[in-house]
>>> print(open('structure.txt').read())   # compact mmCIF, C-alpha atoms and all ligand atoms
# COMPACT_ATOMS: atom_id res chain seq x y z
CA MET A 4 -46.29 17.33 15.55
CA LYS A 5 -47.73 13.91 16.35
CA ILE A 6 -48.13 10.75 14.29
CA THR A 7 -51.03 8.36 14.90
CA ALA A 8 -53.30 6.02 12.96
CA VAL A 9 -55.84 7.56 10.57
CA GLU A 10 -59.37 7.30 11.96
CA GLU A 11 -62.80 7.39 10.35
CA LYS A 12 -63.13 11.12 11.12
CA ASP A 13 -60.02 11.78 8.98
CA PHE A 14 -61.28 10.09 5.82
CA SER A 15 -62.57 13.26 4.15
CA GLU A 16 -59.24 15.04 4.74
CA VAL A 17 -57.34 12.04 3.42
CA MET A 18 -59.62 11.92 0.37
CA ALA A 19 -58.98 15.61 -0.32
CA LEU A 20 -55.22 15.00 -0.23
CA ILE A 21 -55.52 11.93 -2.47
CA ARG A 22 -57.59 13.91 -5.00
CA ALA A 23 -55.06 16.71 -5.03
CA GLU A 24 -51.86 14.67 -5.20
CA PHE A 25 -52.83 11.32 -6.70
CA PRO A 26 -55.70 12.16 -9.11
CA TYR A 27 -55.17 8.92 -11.04
CA VAL A 28 -56.27 6.89 -8.00
CA SER A 29 -60.00 6.16 -7.92
CA PHE A 30 -60.77 6.14 -4.21
CA ASP A 31 -63.69 7.12 -2.10
CA GLU A 32 -64.14 7.08 1.66
CA GLU A 33 -65.79 3.66 1.56
CA LYS A 34 -62.77 2.24 -0.24
CA ILE A 35 -60.42 3.69 2.38
CA ARG A 36 -62.58 2.12 5.11
CA LYS A 37 -62.47 -1.29 3.39
CA ARG A 38 -58.72 -1.10 2.79
CA ILE A 39 -58.03 -0.39 6.46
CA ALA A 40 -60.51 -3.09 7.54
CA SER A 41 -58.57 -5.63 5.43
CA GLY A 42 -55.89 -5.50 8.13
CA LYS A 43 -53.18 -5.25 5.46
CA ILE A 44 -53.29 -1.52 4.93
CA PHE A 45 -52.18 1.01 7.53
CA LEU A 46 -52.62 4.75 7.27
CA PHE A 47 -50.75 7.06 9.59
CA LYS A 48 -51.37 10.78 9.86
CA ALA A 49 -49.25 13.69 10.94
CA ILE A 50 -51.20 16.13 13.11
CA GLU A 51 -50.37 19.67 14.08
CA ALA A 52 -52.68 21.90 16.10
CA LYS A 53 -55.24 19.05 15.91
CA LYS A 54 -55.24 19.23 12.09
CA LEU A 55 -54.18 16.49 9.69
CA ILE A 56 -51.23 17.84 7.70
CA GLY A 57 -50.09 14.70 5.91
CA PHE A 58 -50.36 10.94 5.75
CA ILE A 59 -48.55 7.79 4.70
CA GLU A 60 -50.11 4.54 3.48
CA LEU A 61 -48.39 1.26 4.10
CA GLU A 62 -49.40 -2.18 2.81
CA MET A 63 -48.12 -5.33 4.50
CA PHE A 64 -47.59 -8.53 2.54
CA GLU A 65 -45.91 -11.78 3.55
CA GLY A 66 -42.32 -10.77 4.38
CA ILE A 67 -42.50 -7.47 2.57
CA ALA A 68 -44.16 -4.09 2.90
CA ARG A 69 -44.97 -1.41 0.37
CA ILE A 70 -45.45 2.32 0.79
CA ASN A 71 -48.43 3.15 -1.39
CA GLY A 72 -48.57 6.87 -0.79
CA LEU A 73 -47.06 9.71 1.17
CA THR A 74 -48.08 13.31 1.06
CA VAL A 75 -47.86 16.48 3.11
CA LYS A 76 -50.11 19.54 2.73
CA LEU A 77 -48.47 22.26 0.71
CA ALA A 78 -48.28 24.78 3.57
CA HIS A 79 -46.43 22.27 5.77
CA ARG A 80 -43.80 21.04 3.34
CA LYS A 81 -40.04 21.26 3.76
CA LYS A 82 -40.28 21.09 7.54
CA GLY A 83 -39.43 17.42 7.94
CA VAL A 84 -43.01 16.14 8.18
CA ALA A 85 -42.64 13.55 5.38
CA LYS A 86 -39.37 12.37 6.86
CA LYS A 87 -41.06 11.81 10.22
CA LEU A 88 -43.96 9.93 8.59
CA LEU A 89 -41.51 7.79 6.64
CA ASP A 90 -39.40 7.04 9.72
CA TYR A 91 -42.56 6.11 11.60
CA ALA A 92 -43.67 3.73 8.83
CA ILE A 93 -40.20 2.13 8.65
CA ALA A 94 -40.18 1.58 12.44
CA PHE A 95 -43.67 0.06 12.21
CA VAL A 96 -42.53 -2.39 9.52
CA LYS A 97 -39.44 -3.34 11.53
CA LYS A 98 -41.54 -3.96 14.62
CA LYS A 99 -43.67 -6.38 12.60
CA GLY A 100 -40.50 -8.33 11.81
CA VAL A 101 -40.58 -7.49 8.09
CA GLY A 102 -37.20 -6.66 6.55
CA ARG A 103 -38.00 -5.12 3.20
CA ILE A 104 -40.01 -2.16 1.96
CA LEU A 105 -40.82 -1.37 -1.66
CA LEU A 106 -42.24 1.77 -3.17
CA LEU A 107 -42.96 3.38 -6.50
CA VAL A 108 -42.00 6.93 -7.30
CA LYS A 109 -42.41 9.03 -10.43
CA GLN A 110 -39.08 9.46 -12.17
CA GLY A 111 -39.29 13.25 -12.09
CA ASN A 112 -40.32 13.55 -8.44
CA LYS A 113 -37.05 14.93 -7.15
CA ALA A 114 -38.33 15.82 -3.66
CA ALA A 115 -39.69 12.34 -3.00
CA LYS A 116 -36.66 10.57 -4.52
CA LYS A 117 -34.28 12.59 -2.35
CA LEU A 118 -36.36 11.89 0.74
CA TYR A 119 -36.41 8.15 0.03
CA LYS A 120 -32.69 8.01 -0.80
CA GLU A 121 -31.82 9.76 2.43
CA ALA A 122 -33.94 7.20 4.30
CA GLY A 123 -31.80 4.44 2.74
CA PHE A 124 -33.99 3.37 -0.20
CA ASN A 125 -32.16 2.24 -3.34
CA PHE A 126 -33.29 2.34 -6.95
CA ILE A 127 -34.00 -1.22 -8.12
CA GLY A 128 -35.43 -0.69 -11.60
CA MET A 129 -38.12 0.82 -13.73
CA TYR A 130 -41.69 -0.18 -12.96
CA ASN A 131 -43.32 -2.19 -15.72
CA ARG A 132 -46.03 0.36 -16.47
CA GLU A 133 -46.60 4.09 -16.39
CA LEU A 134 -48.75 5.83 -13.79
CA ASP A 135 -50.53 9.03 -14.67
CA ASN A 136 -48.70 8.88 -18.06
CA THR A 137 -45.40 9.10 -16.21
CA VAL A 138 -42.43 6.77 -16.03
CA VAL A 139 -42.18 5.25 -12.58
CA GLU A 140 -39.19 3.91 -10.66
CA GLU A 141 -39.16 1.19 -8.07
CA MET A 142 -37.12 1.65 -4.88
CA GLU A 143 -36.46 -0.65 -1.97
CA LEU A 144 -35.19 -0.51 1.57
CA ASP A 145 -33.69 -3.76 2.74
CA PHE A 146 -32.75 -3.60 6.39
CA LEU A 147 -32.07 -7.24 7.16
CA PRO A 148 -28.40 -8.09 6.84
CA LYS A 149 -27.86 -10.11 3.66
CA ASP A 150 -26.28 -13.02 5.54
CA ALA A 151 -29.24 -13.13 7.92
CA GLU A 152 -31.56 -13.78 4.99
CA ASP A 153 -29.43 -16.71 3.87
CA LEU A 154 -29.51 -18.53 7.21
CA ASP A 155 -31.25 -21.86 6.83
CA TYR A 156 -31.39 -22.69 10.51
CA VAL A 157 -31.88 -20.91 13.76
CA GLY A 158 -29.60 -22.29 16.43
C1 LIG B 1 -42.55 14.58 -1.32
C2 LIG B 1 -43.21 15.21 -0.10
C3 LIG B 1 -44.04 14.14 0.60
C4 LIG B 1 -42.12 15.74 0.84
O1 LIG B 1 -42.73 16.24 2.01
P1 LIG B 1 -42.00 17.24 3.00
O2 LIG B 1 -42.70 17.18 4.31
O3 LIG B 1 -41.89 18.55 2.37
O4 LIG B 1 -40.54 16.60 3.11
P2 LIG B 1 -39.54 16.84 4.30
O5 LIG B 1 -39.64 18.24 4.79
O6 LIG B 1 -39.72 15.76 5.33
O7 LIG B 1 -38.16 16.65 3.57
C5 LIG B 1 -37.30 15.60 3.86
C6 LIG B 1 -36.21 15.57 2.81
O8 LIG B 1 -36.82 15.37 1.53
C7 LIG B 1 -36.17 16.15 0.54
N1 LIG B 1 -37.08 17.15 0.00
C8 LIG B 1 -38.31 17.46 0.43
N2 LIG B 1 -38.88 18.39 -0.35
C9 LIG B 1 -37.97 18.68 -1.30
C10 LIG B 1 -37.95 19.55 -2.42
N3 LIG B 1 -39.01 20.30 -2.74
N4 LIG B 1 -36.84 19.56 -3.21
C11 LIG B 1 -35.78 18.78 -2.93
N5 LIG B 1 -35.74 17.95 -1.87
C12 LIG B 1 -36.82 17.88 -1.08
C13 LIG B 1 -35.00 16.76 1.22
O9 LIG B 1 -33.96 15.82 1.13
C14 LIG B 1 -35.45 16.85 2.65
O10 LIG B 1 -34.38 16.85 3.53
P3 LIG B 1 -33.64 18.23 3.90
O11 LIG B 1 -34.70 19.13 4.42
O12 LIG B 1 -32.67 17.77 4.95
O13 LIG B 1 -33.02 18.71 2.65
C15 LIG B 1 -44.12 16.41 -0.48
O14 LIG B 1 -43.39 17.26 -1.33
C16 LIG B 1 -45.42 16.01 -1.15
O15 LIG B 1 -46.42 15.75 -0.48
N6 LIG B 1 -45.42 15.94 -2.50
C17 LIG B 1 -46.59 15.57 -3.26
C18 LIG B 1 -46.93 14.10 -3.14
C19 LIG B 1 -45.75 13.22 -3.49
O16 LIG B 1 -45.04 13.44 -4.45
N7 LIG B 1 -45.57 12.15 -2.70
C20 LIG B 1 -44.47 11.21 -2.85
C21 LIG B 1 -44.76 10.19 -3.87
S1 LIG B 1 -45.60 8.78 -3.22
>>> encode(input="structure.txt", output="structure tokens")
Amino acid sequence: MKITAVEEKDFSEVMALIRAEFPYVSFDEEKIRKRIASGKIFLFKAIEAKKLIGFIELEMFEGIARINGLTVKLAHRKKGVAKKLLDYAIAFVKKKGVGRILLLVKQGNKAAKKLYKEAGFNFIGMYNRELDNTVVEEMELDFLPKDAEDLDYVG
């Protein structure tokens, strides 16, 4: 399995996954193109036998990143693909010098919550609105040491 950036030729596959797993999101291929072109949104795909089997979407803000979506095709689940995509995204964020990642997860999504917890994410509170008529939790991964954030000089 390999992880690389999503390209134009993958958009229809990505759209199919979004429609299946995140039906409340109103996306089309043009929107994906624009989001990537913004330079703030990064999509990474997992490929096996030249086929896209999952993807993760990351959004970079000033000093913080957010995972907007992560999904793996049904036939490829429970084989560590999501974990690899998540690790890849975390390493990407670290390399950019950003020390904090946020994400939203449906309260009842046990598989995703376990995956995120094992990657070091902590529950920080309930999100202020529902998604898809479902209560949503906010989680964060903070990998800068607390004292490093408090430094007010660099010597
Ligand atoms: C959540 C999802 C991305 C996990 O993908 P996956 O490739 O099957 O996950 P992995 O194989 O990498 O699993 C990594 C860890 O996650 C947890 N996990 C994954 N699937 C699980 C399940 N069905 N039940 C319980 N734990 C699960 C386990 O802790 C697992 O580690 P382990 O194998 O050592 O026990 C996948 O189920 C999916 O695409 N779901 C639909 C979309 C979604 O809910 N996305 C997340 C919200 S943004």
>>> axis_aligned_box(input="structure.txt", around="ligand LIG 1 (chain B)", padding_each_side="4 Å", output="lines of an AutoDock Vina configuration file")
center_x = -39.8
center_y = 14.5
center_z = 0.4
size_x = 22.3
size_y = 19.5
size_z = 17.8
>>> closest_residue(input="structure.txt", among="A:Ile93, A:Ala40, A:Ala85, A:Val28", to="Asp135 in chain A", atoms="all atoms listed in the file")
A:Val28
>>> closest_atom_pairs(input="structure.txt", of="chain A", to="ligand LIG 1 (chain B)", cutoff="8 Å", atoms="all atoms listed in the file", output="CSV")
residue,atom,partner,partner_atom,distance
A:Glu24,CA,B:LIG1,C18,5.4
A:Phe25,CA,B:LIG1,C18,7.4
A:Gly57,CA,B:LIG1,O15,7.4
A:Ile70,CA,B:LIG1,S1,7.6
A:Asn71,CA,B:LIG1,S1,6.6
A:Gly72,CA,B:LIG1,S1,4.3
A:Leu73,CA,B:LIG1,S1,4.7
A:Thr74,CA,B:LIG1,O15,3.3
A:Val75,CA,B:LIG1,O15,3.9
A:Lys76,CA,B:LIG1,O15,6.2
A:Leu77,CA,B:LIG1,O15,6.9
A:His79,CA,B:LIG1,O2,6.5
A:Arg80,CA,B:LIG1,O3,3.3
A:Lys81,CA,B:LIG1,O5,3.2
A:Lys82,CA,B:LIG1,O5,4.0
A:Gly83,CA,B:LIG1,O6,3.1
A:Val84,CA,B:LIG1,O2,4.0
A:Ala85,CA,B:LIG1,O6,3.7
A:Lys86,CA,B:LIG1,O6,3.7
A:Lys87,CA,B:LIG1,O6,6.4
A:Leu88,CA,B:LIG1,O6,7.9
A:Leu106,CA,B:LIG1,S1,7.8
A:Leu107,CA,B:LIG1,S1,6.8
A:Val108,CA,B:LIG1,C21,5.5
A:Lys109,CA,B:LIG1,C21,7.1
A:Asn112,CA,B:LIG1,O16,6.2
A:Lys113,CA,B:LIG1,C11,5.9
A:Ala114,CA,B:LIG1,C12,3.6
A:Ala115,CA,B:LIG1,C1,4.0
A:Lys116,CA,B:LIG1,C7,7.5
A:Lys117,CA,B:LIG1,O9,4.8
A:Leu118,CA,B:LIG1,O8,3.6
A:Tyr119,CA,B:LIG1,O8,7.4
A:Glu121,CA,B:LIG1,O9,6.6
>>> atom_distance(input="structure.txt", atom1="CA of Thr7 in chain A", atom2="CA of Ile39 in chain A")
14.0 Å
>>> closest_residue(input="structure.txt", among="A:Asp13, A:Glu51, A:Gln110, A:Phe124", to="Asn136 in chain A", atoms="only C-alpha atoms")
A:Gln110
>>> decode(input="structure.txt", residues="range 99-136 of chain A", atoms="N, CA and C atoms", output="PDB file, in the first residue's frame")
ATOM      1  N   LYS A  99       5.212  20.636   8.548  1.00  0.00           N
ATOM      2  CA  LYS A  99       4.871  22.040   8.258  1.00  0.00           C
ATOM      3  C   LYS A  99       5.079  22.919   9.483  1.00  0.00           C
ATOM      4  N   GLY A 100       5.486  22.314  10.603  1.00  0.00           N
ATOM      5  CA  GLY A 100       5.755  23.093  11.808  1.00  0.00           C
ATOM      6  C   GLY A 100       4.505  23.450  12.593  1.00  0.00           C
ATOM      7  N   VAL A 101       3.409  22.761  12.310  1.00  0.00           N
ATOM      8  CA  VAL A 101       2.143  23.023  13.019  1.00  0.00           C
ATOM      9  C   VAL A 101       2.007  21.986  14.142  1.00  0.00           C
ATOM     10  N   GLY A 102       1.595  22.431  15.335  1.00  0.00           N
ATOM     11  CA  GLY A 102       1.634  21.553  16.491  1.00  0.00           C
ATOM     12  C   GLY A 102       0.296  21.058  16.994  1.00  0.00           C
ATOM     13  N   ARG A 103      -0.777  21.336  16.248  1.00  0.00           N
ATOM     14  CA  ARG A 103      -2.090  20.969  16.767  1.00  0.00           C
ATOM     15  C   ARG A 103      -3.027  20.552  15.633  1.00  0.00           C
ATOM     16  N   ILE A 104      -3.731  19.468  15.862  1.00  0.00           N
ATOM     17  CA  ILE A 104      -4.702  19.006  14.859  1.00  0.00           C
ATOM     18  C   ILE A 104      -6.063  18.822  15.524  1.00  0.00           C
ATOM     19  N   LEU A 105      -7.076  19.351  14.890  1.00  0.00           N
ATOM     20  CA  LEU A 105      -8.454  19.176  15.378  1.00  0.00           C
ATOM     21  C   LEU A 105      -9.210  18.266  14.429  1.00  0.00           C
ATOM     22  N   LEU A 106     -10.255  17.651  14.942  1.00  0.00           N
ATOM     23  CA  LEU A 106     -11.167  16.927  14.063  1.00  0.00           C
ATOM     24  C   LEU A 106     -12.525  16.774  14.728  1.00  0.00           C
ATOM     25  N   LEU A 107     -13.506  16.514  13.905  1.00  0.00           N
ATOM     26  CA  LEU A 107     -14.859  16.251  14.399  1.00  0.00           C
ATOM     27  C   LEU A 107     -15.185  14.797  14.124  1.00  0.00           C
ATOM     28  N   VAL A 108     -15.882  14.182  15.074  1.00  0.00           N
ATOM     29  CA  VAL A 108     -16.263  12.784  14.863  1.00  0.00           C
ATOM     30  C   VAL A 108     -17.648  12.564  15.480  1.00  0.00           C
ATOM     31  N   LYS A 109     -18.477  11.809  14.767  1.00  0.00           N
ATOM     32  CA  LYS A 109     -19.808  11.521  15.290  1.00  0.00           C
ATOM     33  C   LYS A 109     -19.678  10.725  16.586  1.00  0.00           C
ATOM     34  N   GLN A 110     -20.522  11.090  17.552  1.00  0.00           N
ATOM     35  CA  GLN A 110     -20.403  10.483  18.875  1.00  0.00           C
ATOM     36  C   GLN A 110     -20.470   8.955  18.830  1.00  0.00           C
ATOM     37  N   GLY A 111     -21.282   8.423  17.937  1.00  0.00           N
ATOM     38  CA  GLY A 111     -21.467   6.968  17.900  1.00  0.00           C
ATOM     39  C   GLY A 111     -20.478   6.237  17.002  1.00  0.00           C
ATOM     40  N   ASN A 112     -19.535   6.941  16.426  1.00  0.00           N
ATOM     41  CA  ASN A 112     -18.604   6.304  15.487  1.00  0.00           C
ATOM     42  C   ASN A 112     -17.429   5.668  16.236  1.00  0.00           C
ATOM     43  N   LYS A 113     -17.722   4.485  16.767  1.00  0.00           N
ATOM     44  CA  LYS A 113     -16.753   3.817  17.646  1.00  0.00           C
ATOM     45  C   LYS A 113     -15.431   3.535  16.939  1.00  0.00           C
ATOM     46  N   ALA A 114     -15.503   3.058  15.685  1.00  0.00           N
ATOM     47  CA  ALA A 114     -14.275   2.696  14.959  1.00  0.00           C
ATOM     48  C   ALA A 114     -13.369   3.907  14.826  1.00  0.00           C
ATOM     49  N   ALA A 115     -13.960   5.034  14.388  1.00  0.00           N
ATOM     50  CA  ALA A 115     -13.147   6.238  14.179  1.00  0.00           C
ATOM     51  C   ALA A 115     -12.610   6.765  15.511  1.00  0.00           C
ATOM     52  N   LYS A 116     -13.464   6.758  16.545  1.00  0.00           N
ATOM     53  CA  LYS A 116     -13.021   7.296  17.844  1.00  0.00           C
ATOM     54  C   LYS A 116     -11.857   6.475  18.406  1.00  0.00           C
ATOM     55  N   LYS A 117     -11.930   5.165  18.227  1.00  0.00           N
ATOM     56  CA  LYS A 117     -10.851   4.304  18.728  1.00  0.00           C
ATOM     57  C   LYS A 117      -9.554   4.589  17.950  1.00  0.00           C
ATOM     58  N   LEU A 118      -9.707   4.694  16.659  1.00  0.00           N
ATOM     59  CA  LEU A 118      -8.555   4.989  15.802  1.00  0.00           C
ATOM     60  C   LEU A 118      -7.889   6.304  16.221  1.00  0.00           C
ATOM     61  N   TYR A 119      -8.706   7.335  16.422  1.00  0.00           N
ATOM     62  CA  TYR A 119      -8.160   8.650  16.781  1.00  0.00           C
ATOM     63  C   TYR A 119      -7.530   8.630  18.180  1.00  0.00           C
ATOM     64  N   LYS A 120      -8.198   7.943  19.100  1.00  0.00           N
ATOM     65  CA  LYS A 120      -7.649   7.857  20.471  1.00  0.00           C
ATOM     66  C   LYS A 120      -6.291   7.174  20.457  1.00  0.00           C
ATOM     67  N   GLU A 121      -6.209   6.093  19.702  1.00  0.00           N
ATOM     68  CA  GLU A 121      -4.940   5.358  19.640  1.00  0.00           C
ATOM     69  C   GLU A 121      -3.829   6.180  18.990  1.00  0.00           C
ATOM     70  N   ALA A 122      -4.234   7.146  18.151  1.00  0.00           N
ATOM     71  CA  ALA A 122      -3.227   8.021  17.523  1.00  0.00           C
ATOM     72  C   ALA A 122      -2.857   9.181  18.442  1.00  0.00           C
ATOM     73  N   GLY A 123      -3.517   9.254  19.620  1.00  0.00           N
ATOM     74  CA  GLY A 123      -3.156  10.285  20.605  1.00  0.00           C
ATOM     75  C   GLY A 123      -4.140  11.439  20.701  1.00  0.00           C
ATOM     76  N   PHE A 124      -5.230  11.399  19.920  1.00  0.00           N
ATOM     77  CA  PHE A 124      -6.221  12.476  19.995  1.00  0.00           C
ATOM     78  C   PHE A 124      -6.998  12.378  21.308  1.00  0.00           C
ATOM     79  N   ASN A 125      -7.330  13.533  21.865  1.00  0.00           N
ATOM     80  CA  ASN A 125      -8.134  13.594  23.092  1.00  0.00           C
ATOM     81  C   ASN A 125      -9.455  14.295  22.826  1.00  0.00           C
ATOM     82  N   PHE A 126     -10.473  13.858  23.542  1.00  0.00           N
ATOM     83  CA  PHE A 126     -11.790  14.500  23.471  1.00  0.00           C
ATOM     84  C   PHE A 126     -11.671  15.901  24.079  1.00  0.00           C
ATOM     85  N   ILE A 127     -12.144  16.932  23.373  1.00  0.00           N
ATOM     86  CA  ILE A 127     -12.075  18.266  23.998  1.00  0.00           C
ATOM     87  C   ILE A 127     -13.448  18.873  24.252  1.00  0.00           C
ATOM     88  N   GLY A 128     -14.496  18.313  23.685  1.00  0.00           N
ATOM     89  CA  GLY A 128     -15.829  18.835  23.973  1.00  0.00           C
ATOM     90  C   GLY A 128     -16.799  18.472  22.869  1.00  0.00           C
ATOM     91  N   MET A 129     -18.049  18.864  23.093  1.00  0.00           N
ATOM     92  CA  MET A 129     -19.065  18.595  22.080  1.00  0.00           C
ATOM     93  C   MET A 129     -19.022  19.733  21.059  1.00  0.00           C
ATOM     94  N   TYR A 130     -19.226  19.400  19.808  1.00  0.00           N
ATOM     95  CA  TYR A 130     -19.264  20.428  18.771  1.00  0.00           C
ATOM     96  C   TYR A 130     -20.583  21.181  18.907  1.00  0.00           C
ATOM     97  N   ASN A 131     -20.548  22.473  18.505  1.00  0.00           N
ATOM     98  CA  ASN A 131     -21.721  23.307  18.788  1.00  0.00           C
ATOM     99  C   ASN A 131     -22.915  23.086  17.868  1.00  0.00           C
ATOM    100  N   ARG A 132     -22.809  22.167  16.922  1.00  0.00           N
ATOM    101  CA  ARG A 132     -24.000  21.837  16.135  1.00  0.00           C
ATOM    102  C   ARG A 132     -23.943  20.374  15.685  1.00  0.00           C
ATOM    103  N   GLU A 133     -25.120  19.889  15.281  1.00  0.00           N
ATOM    104  CA  GLU A 133     -25.165  18.494  14.841  1.00  0.00           C
ATOM    105  C   GLU A 133     -24.792  18.400  13.369  1.00  0.00           C
ATOM    106  N   LEU A 134     -24.306  17.258  12.963  1.00  0.00           N
ATOM    107  CA  LEU A 134     -24.019  16.995  11.551  1.00  0.00           C
ATOM    108  C   LEU A 134     -24.811  15.760  11.192  1.00  0.00           C
ATOM    109  N   ASP A 135     -25.562  15.854  10.076  1.00  0.00           N
ATOM    110  CA  ASP A 135     -26.304  14.673   9.653  1.00  0.00           C
ATOM    111  C   ASP A 135     -27.247  14.216  10.785  1.00  0.00           C
ATOM    112  N   ASN A 136     -27.828  15.190  11.508  1.00  0.00           N
ATOM    113  CA  ASN A 136     -28.713  14.916  12.648  1.00  0.00           C
ATOM    114  C   ASN A 136     -28.053  14.093  13.743  1.00  0.00           C
TER     115      ASN A 136
END
